[in-house]
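Undergrad: First the structure, which I've put down as C-alpha cells, then a few questions once you've had a look.
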Amino acid sequence: MTIAVASGKGGTGKTTIATALAMLWPEPVALLDADVEEPNCRFFLDTMEGKQREVFLPVPQIDEAICTGCGACSSFCRYGALVRIGRKVMAFPNLCHSCGACMMVCPKGAISEKPSFIGTIDSAQFRALDGGLRTHRWGTLKLGAAMAPPLIRELRREKNKEPLQLIDSPPGASCPMANAVKNADLVLMVAENTPFGAHDLEKAISTLEEMDLPVLALINRADLGGGEAEAVCRRKGIDIIGRVPFDRKVAESYARGVHPILEVPAFRQAVEQVVGHLIAFLQTRIEQKT
C-alpha cells in the first residue's frame with residue numbers, strides 16, 4: 001500500500017507531517033523522500049549509515065560520421081532534445097526523456113545511447129518512536145539537472161519489503177508531484193488556512209482528480225487564517241481527517257533540528273489521531289480489493 005503526502009505549496013508542514021507519520025506508524029514502513037531537488041526528511045530522523053547508488057539516464061549520442069543531417073530525429077522528438085541546424089543535428093541531453101524514439105526513426109542508424117548522470121538514491125534505516133527500525137530512501141537530483149521526474153520514478157521503483165510505502169512528495173501540482181503520487185492508494189494533502197494556501201491547494205486537488213486518486217486532507221496550523229483551505233475541501237468534497245493547531249514550540253523545535261513530535265505533546269496527539277484515520281482508510285481499501 002502507498003500513501004503520498006503532498007501539498008499545494010511549500011511551507012505547509014508537509015515534510016514535518018510525513019516524517020511524523022513514519023515515526024509513529026505502528027508497523028514497518030518505507031519512507032521515500034521524493035522531493036529530490038531538496039530532500040530533507042533525513043534531517044529530522046535518527047538515521048543510521050546507509051548506502052548510495054548513482055542513477056543514470058540514457059540520452060542520444062550522434063555519430064557525425066554516419067549522420068546525414070536529414071532531420072528525421074529532430075522532427076520526431078517532441079521535447080526538443082534534438083535540433084537540426086543546417087546539415088548538423090545537435091543533442092540537448094537535459095531535455096531528453098529517454099524514450100528511444102530517435103534511434104528508431106534514424107534511417108542511417110547514426111544514433112546510439114550513452115548514460116548521463118542525473119543524481120543519487122540513498123538508502124538507510126532510522127529508529128521509530130517504538131524503538132523499531134524503519135527504512136528511509138531519498139533521491140538527490142544532480143545540481144543543474146533539468147528534470148526531476150526520471151529520478152523520482154527510479155526512487156519509486158526500488159523494491160521494499162515493508163507493507164506500507166510512505167512518500168513525501170514535492171510541493172505543487174507539476175510533473176514532479178504527479179510522478180511522486182502516481183498510483184498511490186491515498187494522497188494526504190497538507191494545507192494551511194490562508195488565501196495563498198487555498199489557491200494552491202485547489203490546483204493540486206484538481207490535478208489529483210484528473211489522476212483519479214483518493215484524497216484526504218490535514219489542516220496544519222488550523223487555528224490561523226480565515227478557514228480558506230477548509231472551504232476548498234468542503235467545495236471539493238474532501239474529508240479533513242486532522243487539524244494540527246499552531247504552536248510556537250513546533251517552530252522552535254524545527255529551528256533546532258529536533259522533530260516536534262519529540263517535544264510538543266499536542267502536535268504528537270494530533271498526528272496520532274491522523275494515523276488512526278489513515279489505518280482505517282487503508283483497511284477499507286484492502287477489504288474493497290479482496
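Starting from 1 in every chain, residues are counted up; chains themselves are A, B, ... following the order of the C-alpha cells, and ligands are numbered from 1 as listed.
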Give me, as a ChimeraX atom specification, the residues of region 192-223 of chain A that a backbone DSSP run labels strand (DSSP E).
TA: /A:192,215-220
Undergrad: Take the residues that were just selected and, keeping C-alpha atoms, output them as a JSON list (two decimals), in the first residue's frame.
TA:
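Saved the output as again.json:
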```
[["chain", "number", "residue", "atom", "x", "y", "z"],
["A", 192, "GLU", "CA", -2.91, 25.87, 5.61],
["A", 215, "VAL", "CA", -7.62, 12.35, -1.39],
["A", 216, "LEU", "CA", -7.89, 13.23, 2.29],
["A", 217, "ALA", "CA", -6.77, 16.47, 3.92],
["A", 218, "LEU", "CA", -4.95, 17.62, 7.01],
["A", 219, "ILE", "CA", -5.04, 21.29, 8.00],
["A", 220, "ASN", "CA", -1.82, 22.42, 9.63]]
```
Undergrad: Have a look at A:Ile240, A:Cys73, A:Ala128, A:Leu262 and name the one nearest to Leu188 (chain A); count only C-alpha atoms.
TA: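 Of A:Ile240, A:Cys73, A:Ala128, A:Leu262, the one nearest Leu188 (chain A), counting only C-alpha atoms, is A:Ile240.
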Undergrad: Which residues are close to region 221-224 of chain A, i.e. within 6 Å by only C-alpha atoms, leaving aside same-chain residues fewer than 6 positions away? Reply as a list in words.
TA: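 Surrounding residues, per the criterion: Arg243, Val244, Pro245 and Phe246 of chain A.
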Undergrad: Create the file for the chosen residues now, containing N, CA and C atoms and written as a compact mmCIF listing (two decimals), in the first residue's frame.
TA:
```
# COMPACT_ATOMS: atom_id res chain seq x y z
N ARG A 243 -6.66 18.24 12.23
CA ARG A 243 -6.37 19.67 12.34
C ARG A 243 -5.28 19.84 13.38
N VAL A 244 -4.13 20.29 12.95
CA VAL A 244 -3.00 20.48 13.86
C VAL A 244 -2.96 21.95 14.26
N PRO A 245 -3.11 22.27 15.54
CA PRO A 245 -3.13 23.68 15.95
C PRO A 245 -1.75 24.31 15.86
N PHE A 246 -1.74 25.64 15.75
CA PHE A 246 -0.47 26.36 15.75
C PHE A 246 0.15 26.31 17.14
```
Undergrad: Just the alpha helix (DSSP H) stuff from region 116-272 of chain A, please, per backbone DSSP, written as a PyMOL selection string.
TA: chain A and resi 149-157+175-181+195-210+228-236+248-256+265-272
Undergrad: Could you name the residues that touch region 10-17 of chain A at 8 Å or less, counting only C-alpha atoms, but leaving out those on the same chain fewer than 5 positions away, as a list in words?
TA: Val5, Asn40, Cys41, Asp168, Pro171, Gly172, Val190, Ala191, Glu192, Gly197, Asn220, His259 and Val271 of chain A
Undergrad: With N, CA and C atoms retained, write the just-selected residues as a compact mmCIF listing (two decimals), in the first residue's frame.
TA:
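result15.txt, written as the output of this step:
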```
# COMPACT_ATOMS: atom_id res chain seq x y z
N VAL A 5 2.16 11.94 0.74
CA VAL A 5 1.87 13.18 1.47
C VAL A 5 2.25 14.33 0.56
N ASN A 40 14.91 16.54 2.54
CA ASN A 40 15.31 16.92 3.91
C ASN A 40 14.66 16.10 5.00
N CYS A 41 13.96 15.02 4.63
CA CYS A 41 13.36 14.17 5.68
C CYS A 41 14.42 13.66 6.66
N ASP A 168 7.00 11.28 0.70
CA ASP A 168 7.00 12.73 0.87
C ASP A 168 7.17 13.33 -0.52
N PRO A 171 6.32 19.67 -3.41
CA PRO A 171 5.15 20.55 -3.32
C PRO A 171 4.67 20.99 -4.70
N GLY A 172 3.43 21.47 -4.76
CA GLY A 172 2.91 21.99 -6.02
C GLY A 172 2.04 21.01 -6.76
N VAL A 190 -1.63 18.22 2.79
CA VAL A 190 -1.37 19.07 3.95
C VAL A 190 -1.54 20.51 3.50
N ALA A 191 -2.42 21.25 4.18
CA ALA A 191 -2.77 22.60 3.73
C ALA A 191 -2.79 23.56 4.91
N GLU A 192 -2.81 24.83 4.59
CA GLU A 192 -2.91 25.87 5.61
C GLU A 192 -4.04 26.83 5.23
N GLY A 197 -2.55 29.61 0.38
CA GLY A 197 -2.57 28.16 0.58
C GLY A 197 -3.79 27.51 -0.06
N ASN A 220 -2.88 22.09 8.69
CA ASN A 220 -1.82 22.42 9.63
C ASN A 220 -1.96 23.89 10.07
N HIS A 259 12.75 17.01 15.84
CA HIS A 259 11.37 16.83 15.37
C HIS A 259 10.39 17.21 16.48
N VAL A 271 -1.17 14.17 15.42
CA VAL A 271 -0.69 13.26 14.37
C VAL A 271 -1.11 11.82 14.68
```
Undergrad: What's the 6 Å shell around Asn193 (chain A), counting only C-alpha atoms, without same-chain residues fewer than 2 positions away, as a PyMOL selection string?
TA: chain A and resi 225-229
Undergrad: Please produce an output containing N, CA, C and O atoms for each residue in the selection, written as a short mmCIF file (atom, residue, chain, number, x, y, z; two decimals), in the first residue's frame.
TA:
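Resulting contents of result.cif:
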```
data_model
loop_
_atom_site.label_atom_id
_atom_site.label_comp_id
_atom_site.auth_asym_id
_atom_site.auth_seq_id
_atom_site.Cartn_x
_atom_site.Cartn_y
_atom_site.Cartn_z
N GLY A 225 -5.44 31.95 10.17
CA GLY A 225 -6.06 32.19 8.88
C GLY A 225 -7.56 32.28 8.96
O GLY A 225 -8.16 32.26 10.05
N GLY A 226 -8.18 32.32 7.80
CA GLY A 226 -9.63 32.53 7.74
C GLY A 226 -10.41 31.32 7.29
O GLY A 226 -11.57 31.46 6.85
N GLY A 227 -9.85 30.13 7.38
CA GLY A 227 -10.58 28.93 7.01
C GLY A 227 -10.68 28.69 5.52
O GLY A 227 -11.50 27.89 5.05
N GLU A 228 -9.80 29.34 4.74
CA GLU A 228 -9.89 29.23 3.28
C GLU A 228 -9.65 27.81 2.77
O GLU A 228 -10.35 27.34 1.86
N ALA A 229 -8.66 27.11 3.32
CA ALA A 229 -8.36 25.75 2.86
C ALA A 229 -9.51 24.80 3.20
O ALA A 229 -9.85 23.92 2.40
#
```
Undergrad: Have a look at A:Phe281, A:Phe43, A:Gln165, A:Asp130 and name the one nearest to Arg256 (chain A); count only C-alpha atoms.
TA: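 The shortest atom-to-atom distance to Arg256 (chain A) comes from A:Phe43.
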Undergrad: Between CA of Gly80 (chain A) and CA of Cys102 (chain A), what is the spacing in Å?
TA: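 If I compute the distance from CA of Cys102 (chain A) to CA of Gly80 (chain A), I get 11.3 Å.
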Undergrad: What lies within 8 Å of Pro60 (chain A) using only C-alpha atoms, ignoring chain neighbours under 3 positions off, as a ChimeraX atom specification?
TA: /A:91,93,96,98,100,102-103,111-114
Undergrad: When distances are computed from only C-alpha atoms, which of A:Val83, A:Ala34, A:Leu129, A:Ala110 shows the smallest separation from Pro149 (chain A)?
TA: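 Among the listed residues, A:Ala34 lies closest to Pro149 (chain A).
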Undergrad: Identify, on the basis of only C-alpha atoms, every residue whose closest approach to Lys236 (chain A) does not exceed 9 Å; exclude the query and any residue fewer than 3 positions from it along the same chain; express the result as a list in words.
TA: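 The residues that qualify are Glu202, Ile205, Ser206, Ala231, Val232 and Cys233 of chain A.
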Undergrad: Counting only C-alpha atoms, figure out which residue out of A:Arg134, A:Val89, A:Phe44, A:Gly8 gets nearest to Ser253 (chain A).
TA: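 Nearest to Ser253 (chain A): A:Phe44.
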Undergrad: I'd like to know which of A:Leu95, A:Cys70, A:Val187, A:Ala65 is closest to Pro107 (chain A), using only C-alpha atoms.
TA: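 Among the listed residues, the smallest separation from Pro107 (chain A) belongs to A:Cys70.
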Undergrad: For Gln125 (chain A), which residue among A:Arg234, A:Lys9, A:Arg42, A:Lys88 is the nearest when counting only C-alpha atoms?
TA: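 That would be A:Arg42, the residue with the smallest distance to Gln125 (chain A).
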